[in-house]
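Q: work_10.txt (compact mmCIF, C-alpha atoms) pasted underneath:
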# COMPACT_ATOMS: atom_id res chain seq x y z
CA MET A 1336 67.66 -36.36 -28.14
CA GLN A 1337 64.82 -35.01 -26.01
CA LEU A 1338 64.32 -32.27 -23.46
CA ARG A 1339 61.15 -32.85 -21.46
CA ASP A 1340 59.62 -32.08 -18.08
CA GLY A 1341 56.44 -32.92 -16.21
CA ARG A 1342 57.31 -36.34 -14.81
CA THR A 1343 56.95 -37.17 -11.12
CA ARG A 1344 59.92 -38.62 -9.25
CA ASP A 1345 58.45 -42.10 -9.59
CA GLU A 1346 57.92 -41.60 -13.30
CA VAL A 1347 61.50 -40.36 -13.73
CA VAL A 1348 62.88 -43.45 -12.02
CA ASP A 1349 60.59 -45.71 -14.05
CA HIS A 1350 61.85 -43.99 -17.20
CA VAL A 1351 65.51 -44.33 -16.20
CA LEU A 1352 65.08 -48.02 -15.38
CA ALA A 1353 63.40 -48.59 -18.73
CA LEU A 1354 66.24 -46.81 -20.51
CA ALA A 1355 68.80 -48.84 -18.56
CA ALA A 1356 67.05 -52.07 -19.52
CA ALA A 1357 67.13 -51.03 -23.18
CA ASP A 1358 70.68 -49.64 -23.15
CA GLY A 1359 73.19 -51.13 -20.74
CA ASP A 1360 75.64 -48.30 -21.48
CA LEU A 1361 73.36 -45.67 -19.95
CA VAL A 1362 74.85 -42.85 -17.86
CA VAL A 1363 72.40 -40.56 -16.05
CA GLY A 1364 73.14 -37.37 -14.11
CA PHE A 1365 71.06 -36.14 -11.18
CA ASP A 1366 71.28 -32.60 -9.85
CA PHE A 1367 70.91 -33.30 -6.13
CA SER A 1368 73.23 -34.37 -3.34
CA PHE A 1369 73.59 -38.14 -3.04
CA SER A 1370 74.46 -37.98 0.68
CA LEU A 1371 75.09 -35.67 3.64
CA PRO A 1372 78.28 -34.69 5.49
CA ALA A 1373 80.00 -37.68 7.07
CA TRP A 1374 79.78 -36.32 10.61
CA PHE A 1375 75.97 -36.47 10.39
CA LEU A 1376 76.01 -40.09 9.27
CA HIS A 1377 78.42 -40.97 12.09
CA GLU A 1378 76.29 -39.10 14.64
CA GLN A 1379 73.16 -40.96 13.52
CA GLY A 1380 74.89 -44.33 13.52
CA TYR A 1381 74.66 -44.78 9.75
CA ARG A 1382 77.58 -46.96 8.73
CA THR A 1383 76.96 -46.67 4.99
CA VAL A 1384 75.08 -44.40 2.64
CA ASP A 1385 72.52 -47.19 2.33
CA ASP A 1386 71.61 -46.58 5.97
CA LEU A 1387 71.07 -42.89 5.21
CA TRP A 1388 68.88 -43.64 2.20
CA GLU A 1389 66.81 -46.12 4.20
CA ALA A 1390 66.38 -43.59 7.03
CA ALA A 1391 65.30 -40.94 4.53
CA ALA A 1392 62.68 -43.31 3.15
CA ARG A 1393 61.31 -43.89 6.68
CA THR A 1394 61.66 -40.48 8.29
CA GLY A 1395 62.75 -37.98 5.65
CA GLU A 1396 59.39 -36.22 5.65
CA HIS A 1397 59.71 -35.77 9.42
CA TRP A 1398 63.13 -34.17 8.90
CA LEU A 1399 61.52 -31.75 6.48
CA HIS A 1400 58.50 -31.07 8.68
CA ASP A 1401 60.28 -30.69 12.02
CA VAL A 1402 63.40 -28.92 10.70
CA ARG A 1403 65.47 -29.84 13.71
CA PRO A 1404 69.20 -29.04 13.62
CA PRO A 1405 71.25 -29.61 11.57
CA PHE A 1406 68.41 -28.85 9.13
CA TRP A 1407 67.37 -25.25 8.72
CA GLY A 1408 65.86 -22.66 6.40
CA ARG A 1409 62.15 -22.63 7.21
CA PRO A 1410 60.65 -19.70 9.18
CA GLY A 1411 61.72 -19.95 12.79
CA HIS A 1412 64.54 -22.34 11.99
CA PRO A 1413 67.76 -20.35 11.58
CA ARG A 1414 71.04 -21.83 10.46
CA PRO A 1415 72.59 -23.75 13.37
CA VAL A 1416 76.26 -24.15 14.21
CA VAL A 1417 77.36 -27.58 12.98
CA PRO A 1418 80.72 -29.29 12.44
CA ALA A 1419 80.39 -28.80 8.66
CA ASP A 1420 77.60 -27.43 6.46
CA LEU A 1421 79.05 -28.88 3.26
CA ARG A 1422 80.31 -32.23 2.12
CA VAL A 1423 83.97 -32.36 1.15
CA THR A 1424 83.15 -32.48 -2.55
CA GLU A 1425 80.98 -29.35 -2.24
CA SER A 1426 83.69 -27.49 -0.34
CA LEU A 1427 86.22 -28.28 -3.08
CA VAL A 1428 84.11 -27.03 -5.99
CA PRO A 1429 85.60 -23.73 -7.22
CA PRO A 1430 83.18 -20.79 -7.20
CA THR A 1431 81.62 -19.73 -10.50
CA ARG A 1432 80.69 -16.05 -10.54
CA GLY A 1433 80.82 -16.29 -6.74
CA ILE A 1434 78.30 -19.16 -6.75
CA ARG A 1435 79.07 -22.37 -4.86
CA PRO A 1436 77.02 -25.43 -3.96
CA LYS A 1437 74.50 -24.92 -1.16
CA SER A 1438 74.31 -26.91 2.06
CA THR A 1439 72.01 -29.92 1.81
CA PHE A 1440 70.95 -29.16 5.38
CA GLN A 1441 69.11 -26.09 4.05
CA VAL A 1442 65.54 -27.26 3.42
CA GLY A 1443 63.85 -23.90 2.93
CA GLY A 1444 64.51 -20.39 1.73
CA ALA A 1445 66.20 -19.00 -1.37
CA GLY A 1446 68.42 -21.48 -3.13
CA SER A 1447 67.60 -24.36 -0.81
CA VAL A 1448 68.54 -27.81 -2.11
CA GLY A 1449 67.96 -30.05 0.89
CA THR A 1450 64.34 -30.95 0.26
CA GLY A 1451 65.05 -32.32 -3.20
CA ALA A 1452 68.01 -34.33 -1.94
CA ILE A 1453 66.21 -35.87 1.04
CA ARG A 1454 63.30 -36.87 -1.17
CA GLY A 1455 65.74 -38.14 -3.78
CA PHE A 1456 67.74 -40.46 -1.50
CA PRO A 1457 65.19 -43.32 -1.53
CA TYR A 1458 65.07 -43.23 -5.32
CA LEU A 1459 68.81 -43.84 -5.51
CA ALA A 1460 68.22 -47.04 -3.55
CA ARG A 1461 65.44 -47.98 -5.97
CA LEU A 1462 67.67 -47.34 -8.98
CA ARG A 1463 70.41 -49.49 -7.47
CA ALA A 1464 67.91 -52.27 -6.81
CA GLY A 1465 66.98 -52.03 -10.48
CA GLY A 1466 70.56 -52.59 -11.58
CA VAL A 1467 71.87 -49.03 -11.91
CA ALA A 1468 75.20 -48.40 -10.18
CA ILE A 1469 75.35 -45.27 -8.01
CA TRP A 1470 78.75 -43.61 -8.33
CA PRO A 1471 80.96 -43.48 -6.34
CA PHE A 1472 79.38 -45.87 -3.85
CA ASP A 1473 79.34 -48.83 -6.26
CA ALA A 1474 82.10 -50.40 -8.29
CA SER A 1475 82.56 -48.80 -11.67
CA ARG A 1476 80.12 -50.34 -14.15
CA LEU A 1477 77.31 -49.40 -16.49
CA PRO A 1478 74.51 -48.40 -16.31
CA VAL A 1479 75.45 -45.74 -13.76
CA ALA A 1480 74.00 -42.65 -12.09
CA VAL A 1481 76.27 -39.77 -11.13
CA GLU A 1482 75.73 -36.59 -9.15
CA VAL A 1483 76.13 -33.41 -11.17
CA TRP A 1484 76.26 -29.70 -10.37
CA PRO A 1485 75.25 -27.95 -13.62
CA ARG A 1486 77.42 -24.89 -12.96
CA LEU A 1487 80.46 -27.05 -13.62
CA CYS A 1488 79.07 -27.65 -17.11
CA THR A 1489 77.51 -24.29 -17.97
CA GLY A 1490 80.29 -22.10 -16.64
CA PRO A 1491 79.81 -18.44 -15.65
CA VAL A 1492 76.83 -17.66 -17.90
CA VAL A 1493 74.02 -15.58 -16.38
CA LYS A 1494 71.46 -18.36 -16.50
CA SER A 1495 68.53 -16.12 -15.61
CA ASP A 1496 69.04 -14.21 -18.87
CA ALA A 1497 67.42 -15.94 -21.86
CA GLY A 1498 69.68 -14.01 -24.21
CA ALA A 1499 72.77 -15.25 -22.39
CA ARG A 1500 71.45 -18.81 -22.47
CA ALA A 1501 70.89 -18.58 -26.21
CA ALA A 1502 74.30 -17.03 -26.83
CA LEU A 1503 76.13 -19.81 -24.98
CA LEU A 1504 74.27 -22.49 -26.92
CA ASP A 1505 75.00 -20.78 -30.22
CA VAL A 1506 78.72 -20.52 -29.45
CA ARG A 1507 79.28 -23.96 -27.92
CA TYR A 1508 76.64 -26.00 -29.76
CA PRO A 1509 75.90 -24.27 -33.07
CA ASP A 1510 74.52 -27.44 -34.65
CA LEU A 1511 71.71 -28.07 -32.16
CA ARG A 1512 68.36 -28.81 -33.73
CA PRO A 1513 66.17 -25.66 -33.57
CA GLU A 1514 63.48 -27.32 -31.45
CA PHE A 1515 66.05 -28.56 -28.92
CA ARG A 1516 67.71 -25.14 -28.79
CA ALA A 1517 64.35 -23.44 -28.24
CA ALA A 1518 63.50 -25.80 -25.39
CA ALA A 1519 66.90 -25.26 -23.77
CA VAL A 1520 66.56 -21.48 -23.96
CA ALA A 1521 63.04 -21.52 -22.53
CA SER A 1522 64.08 -21.74 -18.87
CA ASP A 1523 67.20 -21.93 -16.75
CA ASP A 1524 66.23 -25.42 -15.55
CA ALA A 1525 65.93 -26.68 -19.11
CA PHE A 1526 69.20 -24.94 -19.97
CA ASP A 1527 70.95 -26.65 -17.04
CA ALA A 1528 69.66 -30.05 -18.10
CA ALA A 1529 70.51 -29.57 -21.76
CA VAL A 1530 74.05 -28.27 -21.30
CA THR A 1531 74.87 -30.83 -18.63
CA ALA A 1532 73.66 -33.65 -20.88
CA LEU A 1533 75.70 -32.31 -23.80
CA VAL A 1534 78.83 -32.04 -21.66
CA MET A 1535 78.30 -35.56 -20.32
CA ALA A 1536 77.88 -36.87 -23.86
CA ALA A 1537 81.19 -35.29 -24.82
CA HIS A 1538 82.83 -37.24 -21.98
CA ALA A 1539 81.02 -40.53 -22.53
CA ASP A 1540 84.20 -42.61 -22.56
CA GLU A 1541 85.40 -41.17 -19.27
CA LEU A 1542 81.98 -41.62 -17.66
CA ALA A 1543 81.91 -45.24 -18.75
CA ALA A 1544 85.02 -45.98 -16.68
CA LEU A 1545 84.83 -43.69 -13.67
CA ALA A 1546 87.35 -44.40 -10.95
CA ALA A 1547 86.45 -43.89 -7.31
CA PRO A 1548 87.55 -40.50 -5.95
CA GLU A 1549 90.76 -40.63 -3.96
CA HIS A 1550 89.36 -38.67 -1.02
CA PRO A 1551 88.16 -41.08 1.71
CA ALA A 1552 85.11 -38.90 2.44
CA ALA A 1553 83.60 -40.01 -0.87
CA ARG A 1554 82.79 -43.43 0.57
CA LEU A 1555 80.11 -41.89 2.79
CA GLU A 1556 79.48 -38.46 1.30
CA GLY A 1557 79.50 -39.20 -2.40
CA TRP A 1558 81.13 -36.96 -4.99
CA ILE A 1559 80.12 -34.47 -7.68
CA TRP A 1560 81.17 -35.49 -11.16
CA SER A 1561 83.23 -32.80 -12.83
CA PRO A 1562 84.16 -32.69 -16.52
CA PRO A 1563 87.95 -33.08 -16.79
CA ASP A 1564 88.28 -29.80 -18.66
CA GLY A 1565 85.76 -28.00 -16.45
Now, as a test, write the supplied structure out as structure tokens.

A:
Amino acid sequence: MQLRDGRTRDEVVDHVLALAAADGDLVVGFDFSFSLPAWFLHEQGYRTVDDLWEAAARTGEHWLHDVRPPFWGRPGHPRPVVPADLRVTESLVPPTRGIRPKSTFQVGGAGSVGTGAIRGFPYLARLRAGGVAIWPFDASRLPVAVEVWPRLCTGPVVKSDAGARAALLDVRYPDLRPEFRAAAVASDDAFDAAVTALVMAAHADELAALAAPEHPAARLEGWIWSPPDG
């Protein structure tokens, strides 16, 4: 078990593909949106999520530079009125301490998540080309990548408080190796990654046989994996 940072996006994907080649049962969680609201895909003429990922590879940096509606969040680019800011899966996530998923259309400002998602889309296509299924767009099989929202795994802890991070780990995972615990306490990002990985490991059997979500929006918008007892 490791908890590391410092890799570029390309290096992360190279690492995941190497792990998948060595272990066909691999399940990996990524903390960014795998798609955008369906109305945007329809408006752009994208029939599948593959079309969105390909467009992001070609023009995603222009989306981020120009910040034309529906994107927003940079200075001079206020939030526009759009049919829906959130994907269905994001709108259905229950709030945790009043916190809910952010709109992927927000590409700047506090809490923005859009930039990471737009830059992440092409890497999902690369992972799929390397043999990793992308849930829920692909048939259930291993190795697989799923979208995660760490709050569903950490719960209502005050993640900005190192003492609160340490207390949660000590209560829920008292047998963690000291070096792993220290790394997980060191920052809220490391804490998110560590707890999410531990929760996923506890649900390995379920993750190995994920069914497609029943909601039809998932076919275009993707879905956030949620632990069954979360």

Q: Would you compute the distance between atom CA of Trp1407 of chain A and atom CA of Asp1340 of chain A? Give it in Å to one decimal.

A: 28.7 Å

Q: Rank A:Arg1486, A:Arg1512, A:Asp1360, A:Ala1525 by their smallest atom-to-atom distance to Val1428 of chain A, using all atoms listed in the file, and report the top residue only.

A: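 Counting all atoms listed in the file, the residue closest to Val1428 of chain A is A:Arg1486.
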
Q: So which residues touch Gly1395 of chain A within 12 Å, counting only C-alpha atoms, skipping near sequence neighbours fewer than 3 positions away, as a list in words?

A: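 Non-adjacent residues within range: Leu1387, Trp1388, Glu1389, Ala1390, Ala1391, Ala1392, Trp1398, Leu1399, His1400, Asp1401, Val1402, Arg1403, Phe1406, Val1442, Gly1449, Thr1450, Gly1451, Ala1452, Ile1453, Arg1454, Gly1455, Phe1456 and Pro1457 of chain A.
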
Q: When you look at segment 1550-1552 of chain A with a cut-off of 8 Å (counting only C-alpha atoms), what residues show up, excluding the ones that are within fewer than 4 positions of it in the same chain? I need them as a list in words.

A: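 Listed by chain and then number, they are Ala1373, Val1423, Glu1556 and Gly1557 of chain A.
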
Q: Could you state the separation of atom CA of His1350 of chain A and atom CA of Trp1558 of chain A in Å, given to one decimal place?

A: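 So the answer is 23.9 Å.
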